[in-house]
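Enquirer: Have a peek at coords-v9.txt (compact mmCIF, C-alpha atoms and all ligand atoms).
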```txt
# COMPACT_ATOMS: atom_id res chain seq x y z
CA MET A 1 -19.71 -5.91 17.37
CA ASN A 2 -20.18 -3.43 20.24
CA GLU A 3 -21.15 0.19 19.50
CA PHE A 4 -17.69 1.62 20.31
CA THR A 5 -15.44 -0.45 18.02
CA PRO A 6 -16.94 0.99 14.78
CA TRP A 7 -16.20 4.49 16.15
CA HIS A 8 -12.60 3.48 16.89
CA TYR A 9 -12.16 1.84 13.49
CA GLU A 10 -13.51 4.93 11.72
CA THR A 11 -11.34 7.32 13.76
CA LEU A 12 -8.15 5.42 12.94
CA GLY A 13 -9.28 4.36 9.47
CA THR A 14 -10.10 7.81 8.11
CA LYS A 15 -6.73 9.14 9.30
CA THR A 16 -5.01 6.20 7.61
CA VAL A 17 -6.91 6.88 4.38
CA GLU A 18 -5.66 10.49 4.43
CA ALA A 19 -2.08 9.26 4.96
CA LEU A 20 -2.43 6.81 2.05
CA LYS A 21 -3.66 9.65 -0.18
CA LYS A 22 -0.64 11.77 0.79
CA ASN A 23 1.51 8.84 -0.35
CA GLY A 24 -0.10 8.90 -3.79
CA PHE A 25 -2.58 6.03 -3.43
CA GLU A 26 -6.22 6.43 -4.33
CA ALA A 27 -7.79 5.48 -1.02
CA GLU A 28 -11.20 5.44 0.57
CA TRP A 29 -13.01 4.49 3.72
CA CYS A 30 -15.99 2.11 3.56
CA ALA A 31 -17.95 1.64 6.79
CA THR A 32 -19.06 -1.89 5.90
CA GLY A 33 -17.92 -4.89 3.88
CA ALA A 34 -21.05 -4.58 1.74
CA GLU A 35 -20.05 -1.02 0.74
CA ALA A 36 -16.51 -2.18 -0.01
CA LYS A 37 -17.77 -5.01 -2.19
CA GLU A 38 -19.93 -2.62 -4.20
CA LYS A 39 -16.97 -0.25 -4.66
CA ILE A 40 -14.67 -3.06 -5.80
CA LEU A 41 -17.22 -4.30 -8.32
CA GLU A 42 -17.52 -0.72 -9.70
CA LEU A 43 -13.74 -0.60 -10.17
CA ILE A 44 -13.60 -3.83 -12.21
CA PRO A 45 -14.70 -3.31 -15.81
CA GLU A 46 -16.72 -5.84 -17.81
CA GLY A 47 -14.54 -8.49 -19.41
CA ALA A 48 -11.46 -7.71 -17.29
CA GLU A 49 -8.96 -10.43 -16.52
CA VAL A 50 -8.74 -10.37 -12.71
CA GLY A 51 -5.81 -11.78 -10.76
CA PHE A 52 -6.43 -12.85 -7.17
CA GLY A 53 -3.70 -12.63 -4.55
CA GLY A 54 -5.20 -15.27 -2.27
CA SER A 55 -6.74 -12.92 0.30
CA TRP A 56 -9.09 -14.21 3.00
CA THR A 57 -10.65 -10.72 3.10
CA VAL A 58 -11.57 -10.88 -0.59
CA LYS A 59 -13.06 -14.34 0.00
CA ALA A 60 -15.05 -13.12 3.02
CA LEU A 61 -16.56 -10.29 0.95
CA GLY A 62 -17.92 -12.81 -1.59
CA ILE A 63 -16.35 -11.01 -4.52
CA ALA A 64 -15.54 -14.16 -6.53
CA ASP A 65 -19.23 -15.10 -6.73
CA ALA A 66 -20.26 -11.54 -7.65
CA LEU A 67 -17.64 -11.47 -10.43
CA ALA A 68 -18.74 -14.88 -11.66
CA GLU A 69 -22.24 -13.42 -12.11
CA LYS A 70 -20.64 -10.81 -14.40
CA GLY A 71 -18.93 -13.62 -16.32
CA ILE A 72 -15.51 -12.88 -14.80
CA THR A 73 -13.40 -15.73 -13.43
CA LEU A 74 -10.56 -14.96 -11.05
CA LEU A 75 -7.02 -16.06 -11.90
CA ASP A 76 -6.68 -17.96 -8.61
CA HIS A 77 -3.54 -20.05 -8.08
CA GLY A 78 -5.13 -21.41 -4.88
CA ALA A 79 -8.12 -22.96 -6.65
CA PRO A 80 -8.57 -26.64 -5.79
CA GLY A 81 -7.36 -29.40 -8.11
CA LEU A 82 -4.53 -27.48 -9.81
CA THR A 83 -1.17 -29.08 -10.54
CA ASN A 84 2.00 -27.24 -9.50
CA GLU A 85 2.61 -26.32 -13.13
CA GLU A 86 -0.90 -24.88 -13.49
CA ARG A 87 -0.47 -22.90 -10.25
CA GLN A 88 2.79 -21.46 -11.54
CA GLU A 89 1.20 -20.54 -14.87
CA ILE A 90 -1.62 -18.66 -13.12
CA ARG A 91 0.86 -16.79 -10.91
CA LYS A 92 2.64 -15.59 -14.07
CA LYS A 93 -0.63 -14.48 -15.67
CA GLN A 94 -1.47 -12.48 -12.52
CA LEU A 95 1.58 -10.31 -13.19
CA THR A 96 0.06 -8.93 -16.40
CA CYS A 97 -3.68 -9.12 -15.66
CA ASP A 98 -6.07 -6.16 -16.06
CA VAL A 99 -6.91 -5.93 -12.35
CA PHE A 100 -5.06 -7.52 -9.44
CA LEU A 101 -7.16 -7.92 -6.31
CA THR A 102 -5.59 -8.61 -2.94
CA GLY A 103 -5.54 -7.86 0.78
CA THR A 104 -2.59 -6.67 2.82
CA ASN A 105 -0.88 -7.95 5.97
CA ALA A 106 -0.72 -4.49 7.54
CA VAL A 107 -1.30 -0.80 6.79
CA THR A 108 0.45 1.83 8.89
CA MET A 109 -1.08 5.09 10.05
CA ASN A 110 1.66 6.74 7.96
CA GLY A 111 0.01 5.27 4.86
CA GLU A 112 2.39 2.39 4.07
CA LEU A 113 1.39 -1.12 2.97
CA VAL A 114 3.42 -4.00 4.41
CA ASN A 115 3.32 -7.59 3.14
CA THR A 116 5.23 -10.82 3.58
CA ASP A 117 5.14 -13.63 0.97
CA GLY A 118 6.64 -17.04 0.52
CA VAL A 119 6.68 -17.17 -3.31
CA GLY A 120 6.48 -13.42 -3.99
CA ASN A 121 3.87 -13.44 -6.76
CA ARG A 122 1.43 -11.41 -4.64
CA VAL A 123 3.88 -8.67 -3.69
CA ALA A 124 5.33 -8.59 -7.23
CA ALA A 125 1.88 -8.05 -8.76
CA MET A 126 1.22 -5.24 -6.25
CA ILE A 127 4.27 -3.35 -7.50
CA PHE A 128 4.30 -3.53 -11.30
CA GLY A 129 2.49 -5.24 -14.16
CA PRO A 130 -1.30 -5.32 -13.71
CA GLY A 131 -3.35 -2.50 -15.25
CA LYS A 132 -4.86 -1.76 -11.85
CA VAL A 133 -4.24 -2.97 -8.30
CA ILE A 134 -7.04 -3.03 -5.72
CA VAL A 135 -6.09 -3.66 -2.10
CA VAL A 136 -8.89 -4.18 0.41
CA MET A 137 -8.48 -4.62 4.16
CA GLY A 138 -10.36 -4.57 7.42
CA ALA A 139 -9.55 -1.92 10.03
CA ASN A 140 -7.97 -4.69 12.15
CA LYS A 141 -4.95 -4.40 9.79
CA ILE A 142 -4.18 -0.83 10.90
CA VAL A 143 -0.93 -0.43 12.88
CA GLN A 144 0.91 2.62 14.11
CA ASP A 145 4.19 2.24 12.20
CA LEU A 146 6.52 -0.16 10.43
CA ASP A 147 7.79 -1.78 13.66
CA GLU A 148 4.25 -2.61 14.63
CA ALA A 149 3.55 -3.85 11.09
CA PHE A 150 6.43 -6.35 11.26
CA GLN A 151 5.28 -7.45 14.73
CA ARG A 152 1.74 -7.92 13.45
CA ILE A 153 2.98 -10.13 10.63
CA GLU A 154 5.07 -12.28 13.03
CA ARG A 155 2.44 -12.54 15.76
CA VAL A 156 -0.82 -12.64 13.83
CA ALA A 157 -0.81 -12.76 10.02
CA ALA A 158 1.91 -15.32 9.34
CA PRO A 159 1.01 -17.87 12.06
CA ILE A 160 -2.69 -17.80 11.15
CA ASN A 161 -1.90 -18.09 7.44
CA ASN A 162 0.34 -21.07 8.22
CA LYS A 163 -2.52 -22.67 10.14
CA ARG A 164 -4.91 -21.95 7.25
CA LEU A 165 -2.52 -23.48 4.73
CA GLY A 166 -1.79 -26.48 6.98
CA THR A 167 1.98 -26.08 6.78
CA PRO A 168 4.26 -28.15 9.06
CA ASN A 169 6.01 -24.96 10.27
CA PRO A 170 6.48 -24.49 14.05
CA CYS A 171 4.22 -21.40 14.25
CA THR A 172 1.24 -23.67 13.59
CA GLN A 173 1.91 -25.10 17.07
CA THR A 174 3.14 -22.02 18.96
CA GLY A 175 0.94 -19.35 17.32
CA ILE A 176 3.93 -17.00 16.99
CA CYS A 177 6.87 -16.84 14.60
CA MET A 178 9.78 -19.17 15.46
CA ASP A 179 11.92 -17.97 12.52
CA CYS A 180 11.91 -21.43 10.95
CA GLN A 181 14.52 -22.26 8.31
CA GLY A 182 12.97 -25.14 6.36
CA PRO A 183 11.69 -25.30 2.77
CA THR A 184 8.04 -24.84 3.79
CA ARG A 185 8.67 -21.41 5.39
CA ILE A 186 6.19 -18.86 3.99
CA CYS A 187 8.02 -15.70 5.14
CA ASN A 188 10.68 -15.16 2.49
CA ILE A 189 10.00 -11.69 1.09
CA THR A 190 8.71 -8.59 2.86
CA THR A 191 7.76 -5.45 0.94
CA VAL A 192 6.97 -1.97 2.16
CA LEU A 193 5.07 0.26 -0.25
CA TRP A 194 6.11 3.64 1.16
CA LYS A 195 4.39 5.41 -1.71
CA ARG A 196 2.31 4.37 -4.73
CA PRO A 197 4.44 2.50 -7.25
CA LYS A 198 4.87 5.13 -9.96
CA ALA A 199 3.49 3.25 -12.96
CA THR A 200 0.63 1.51 -11.17
CA ASN A 201 -3.00 2.58 -10.94
CA PHE A 202 -3.62 1.77 -7.26
CA HIS A 203 -6.82 1.75 -5.15
CA VAL A 204 -6.84 1.05 -1.43
CA ILE A 205 -10.13 0.33 0.32
CA LEU A 206 -10.18 0.35 4.11
CA VAL A 207 -13.24 -1.21 5.73
CA GLY A 208 -14.71 -0.54 9.18
CA GLU A 209 -14.96 -4.24 10.05
CA GLU A 210 -12.61 -6.99 11.16
CA LEU A 211 -11.67 -8.87 7.98
CA GLY A 212 -8.90 -11.36 7.30
CA PHE A 213 -5.91 -12.03 9.54
S1 LIG B 1 9.19 -17.63 9.54
FE1 LIG B 1 8.45 -19.73 9.80
S2 LIG B 1 7.80 -19.83 11.94
FE2 LIG B 1 7.92 -17.67 11.39
S3 LIG B 1 5.83 -17.15 10.80
FE3 LIG B 1 7.02 -17.64 8.95
S4 LIG B 1 6.58 -19.79 8.56
FE4 LIG B 1 6.01 -19.38 10.70
```
For the file at hand, write its structure as structure tokens.
Expert:
Amino acid sequence: MNEFTPWHYETLGTKTVEALKKNGFEAEWCATGAEAKEKILELIPEGAEVGFGGSWTVKALGIADALAEKGITLLDHGAPGLTNEERQEIRKKQLTCDVFLTGTNAVTMNGELVNTDGVGNRVAAMIFGPGKVIVVMGANKIVQDLDEAFQRIERVAAPINNKRLGTPNPCTQTGICMDCQGPTRICNITTVLWKRPKATNFHVILVGEELGF
């Protein structure tokens, strides 16, 4: 990375952290992924049951391996070799786990979290159920406002996630949303967390690096 991008990330990121705090979230800025990983591990108690929302950012930070060293296995519905029934069972367990760990599709500079799901288990677990929710994201997820958040999801997050998942949806060819209507569409539910969900202990960690899509 050049020397100017970290400055830009920090300038926008620290303002976004303040906006998140005003909206009731516990939020903090971490300059590097290594710092963020350390913080996340501090927030997860020994023996906790940890749900995993399928975030590329969480994978990139190597948190699964670090938790495994502490004897904690993630409830990961995307783990290889699972049947559809097993995947569904894990999604249900995520809704009542001790800690739910995920990324986000966008965060606005007004302190709102915006996410689009196909099944809805990730956004549901972010709202109510788990004892604690931890959301981690790179500064590349920062957008000005909700309009820009929805554009980011259509132009960046959803097409790249389709490519990653190998879906047959048209955005895997065009690289932008084509508002497909078939059964494999992954954009079925969009949530905006304007403020912290009242009954949820919620930590947001914003990182001064490009992470995830
Ligand atoms: S609505 Fe369809 S085309 Fe648009 S991003 Fe989602 S899956 Fe791709």
Enquirer: Using all atoms listed in the file, can you tell me which of A:Glu18, A:Asp98, A:Glu154, A:Glu38 comes closest to ligand LIG 1 (chain B)?
Expert: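 For ligand LIG 1 (chain B), the nearest of the given residues is A:Glu154.
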Enquirer: Work out how far CA of Pro170 in chain A is from CA of Gly53 in chain A, in Å to one decimal.
Expert: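 Atom-to-atom, CA of Gly53 in chain A to CA of Pro170 in chain A, that is 24.3 Å.
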Enquirer: Kindly compile the residues surrounding ligand LIG 1 (chain B) within 12 Å, counting all atoms listed in the file, and format them as JSON, numbers by chain.
Expert: {"A": [116, 117, 118, 150, 151, 152, 153, 154, 155, 156, 157, 158, 159, 160, 161, 162, 163, 164, 165, 166, 167, 168, 169, 170, 171, 172, 173, 174, 175, 176, 177, 178, 179, 180, 181, 182, 183, 184, 185, 186, 187, 188, 189, 190]}
Enquirer: Go ahead and save the residues from that selection, with C-alpha atoms, as a PDB file, keeping the file's coordinate frame.
Expert:
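The result, written out as out_6.pdb:
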```pdb
ATOM      1  CA  THR A 116       5.230 -10.820   3.580  1.00  0.00           C
ATOM      2  CA  ASP A 117       5.140 -13.630   0.970  1.00  0.00           C
ATOM      3  CA  GLY A 118       6.640 -17.040   0.520  1.00  0.00           C
ATOM      4  CA  PHE A 150       6.430  -6.350  11.260  1.00  0.00           C
ATOM      5  CA  GLN A 151       5.280  -7.450  14.730  1.00  0.00           C
ATOM      6  CA  ARG A 152       1.740  -7.920  13.450  1.00  0.00           C
ATOM      7  CA  ILE A 153       2.980 -10.130  10.630  1.00  0.00           C
ATOM      8  CA  GLU A 154       5.070 -12.280  13.030  1.00  0.00           C
ATOM      9  CA  ARG A 155       2.440 -12.540  15.760  1.00  0.00           C
ATOM     10  CA  VAL A 156      -0.820 -12.640  13.830  1.00  0.00           C
ATOM     11  CA  ALA A 157      -0.810 -12.760  10.020  1.00  0.00           C
ATOM     12  CA  ALA A 158       1.910 -15.320   9.340  1.00  0.00           C
ATOM     13  CA  PRO A 159       1.010 -17.870  12.060  1.00  0.00           C
ATOM     14  CA  ILE A 160      -2.690 -17.800  11.150  1.00  0.00           C
ATOM     15  CA  ASN A 161      -1.900 -18.090   7.440  1.00  0.00           C
ATOM     16  CA  ASN A 162       0.340 -21.070   8.220  1.00  0.00           C
ATOM     17  CA  LYS A 163      -2.520 -22.670  10.140  1.00  0.00           C
ATOM     18  CA  ARG A 164      -4.910 -21.950   7.250  1.00  0.00           C
ATOM     19  CA  LEU A 165      -2.520 -23.480   4.730  1.00  0.00           C
ATOM     20  CA  GLY A 166      -1.790 -26.480   6.980  1.00  0.00           C
ATOM     21  CA  THR A 167       1.980 -26.080   6.780  1.00  0.00           C
ATOM     22  CA  PRO A 168       4.260 -28.150   9.060  1.00  0.00           C
ATOM     23  CA  ASN A 169       6.010 -24.960  10.270  1.00  0.00           C
ATOM     24  CA  PRO A 170       6.480 -24.490  14.050  1.00  0.00           C
ATOM     25  CA  CYS A 171       4.220 -21.400  14.250  1.00  0.00           C
ATOM     26  CA  THR A 172       1.240 -23.670  13.590  1.00  0.00           C
ATOM     27  CA  GLN A 173       1.910 -25.100  17.070  1.00  0.00           C
ATOM     28  CA  THR A 174       3.140 -22.020  18.960  1.00  0.00           C
ATOM     29  CA  GLY A 175       0.940 -19.350  17.320  1.00  0.00           C
ATOM     30  CA  ILE A 176       3.930 -17.000  16.990  1.00  0.00           C
ATOM     31  CA  CYS A 177       6.870 -16.840  14.600  1.00  0.00           C
ATOM     32  CA  MET A 178       9.780 -19.170  15.460  1.00  0.00           C
ATOM     33  CA  ASP A 179      11.920 -17.970  12.520  1.00  0.00           C
ATOM     34  CA  CYS A 180      11.910 -21.430  10.950  1.00  0.00           C
ATOM     35  CA  GLN A 181      14.520 -22.260   8.310  1.00  0.00           C
ATOM     36  CA  GLY A 182      12.970 -25.140   6.360  1.00  0.00           C
ATOM     37  CA  PRO A 183      11.690 -25.300   2.770  1.00  0.00           C
ATOM     38  CA  THR A 184       8.040 -24.840   3.790  1.00  0.00           C
ATOM     39  CA  ARG A 185       8.670 -21.410   5.390  1.00  0.00           C
ATOM     40  CA  ILE A 186       6.190 -18.860   3.990  1.00  0.00           C
ATOM     41  CA  CYS A 187       8.020 -15.700   5.140  1.00  0.00           C
ATOM     42  CA  ASN A 188      10.680 -15.160   2.490  1.00  0.00           C
ATOM     43  CA  ILE A 189      10.000 -11.690   1.090  1.00  0.00           C
ATOM     44  CA  THR A 190       8.710  -8.590   2.860  1.00  0.00           C
TER      45      THR A 190
END
```
Enquirer: Skip Leu20 in chain A itself and residues of its chain fewer than 2 positions away, then list as a ChimeraX atom specification all residues within 10 Å of it, counting all atoms listed in the file.
Expert: /A:14-18,22-28,107-113,194-196,203-204
Enquirer: Using all atoms listed in the file, find the one residue out of A:Thr96, A:Val119, A:Pro45, A:Arg87 that sits nearest to Gly71 in chain A.
Expert: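 Going through A:Thr96, A:Val119, A:Pro45, A:Arg87 one by one, the smallest distance to Gly71 in chain A is for A:Pro45.
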Enquirer: If we count all atoms listed in the file, what is near Ala34 in chain A at a cut-off of 12 Å, once residues fewer than 2 positions away on the same chain are taken out, given as a list in words?
Expert: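 After dropping sequence-adjacent residues, the list is Cys30, Ala31, Thr32, Ala36, Lys37, Glu38, Lys39, Ile40, Leu41, Val58, Ala60, Leu61, Gly62, Ile63, Ala66, Val207, Gly208 and Glu209 of chain A.
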Enquirer: Could you add the missing atoms to range 158-171 of chain A, up to N, CA and C atoms, and return them as a compact mmCIF listing (two decimals), keeping the file's coordinate frame?
Expert:
```txt
# COMPACT_ATOMS: atom_id res chain seq x y z
N ALA A 158 1.18 -14.14 9.84
CA ALA A 158 1.91 -15.32 9.34
C ALA A 158 1.50 -16.61 10.07
N PRO A 159 1.44 -16.62 11.41
CA PRO A 159 1.01 -17.87 12.06
C PRO A 159 -0.39 -18.32 11.63
N ILE A 160 -1.32 -17.38 11.52
CA ILE A 160 -2.69 -17.80 11.15
C ILE A 160 -2.71 -18.28 9.69
N ASN A 161 -1.95 -17.62 8.83
CA ASN A 161 -1.90 -18.09 7.44
C ASN A 161 -1.25 -19.47 7.35
N ASN A 162 -0.25 -19.72 8.18
CA ASN A 162 0.34 -21.07 8.22
C ASN A 162 -0.70 -22.10 8.64
N LYS A 163 -1.47 -21.74 9.66
CA LYS A 163 -2.52 -22.67 10.14
C LYS A 163 -3.52 -22.93 9.02
N ARG A 164 -3.94 -21.84 8.34
CA ARG A 164 -4.91 -21.95 7.25
C ARG A 164 -4.41 -22.85 6.13
N LEU A 165 -3.10 -22.71 5.83
CA LEU A 165 -2.52 -23.48 4.73
C LEU A 165 -2.12 -24.89 5.16
N GLY A 166 -2.15 -25.14 6.48
CA GLY A 166 -1.79 -26.48 6.98
C GLY A 166 -0.32 -26.80 6.79
N THR A 167 0.55 -25.81 6.93
CA THR A 167 1.98 -26.08 6.78
C THR A 167 2.51 -26.81 8.02
N PRO A 168 3.66 -27.48 7.89
CA PRO A 168 4.26 -28.15 9.06
C PRO A 168 5.18 -27.21 9.85
N ASN A 169 5.09 -25.90 9.61
CA ASN A 169 6.01 -24.96 10.27
C ASN A 169 5.67 -24.80 11.75
N PRO A 170 6.70 -24.48 12.59
CA PRO A 170 6.48 -24.49 14.05
C PRO A 170 5.44 -23.49 14.53
N CYS A 171 5.21 -22.40 13.80
CA CYS A 171 4.22 -21.40 14.25
C CYS A 171 2.81 -21.97 14.26
```
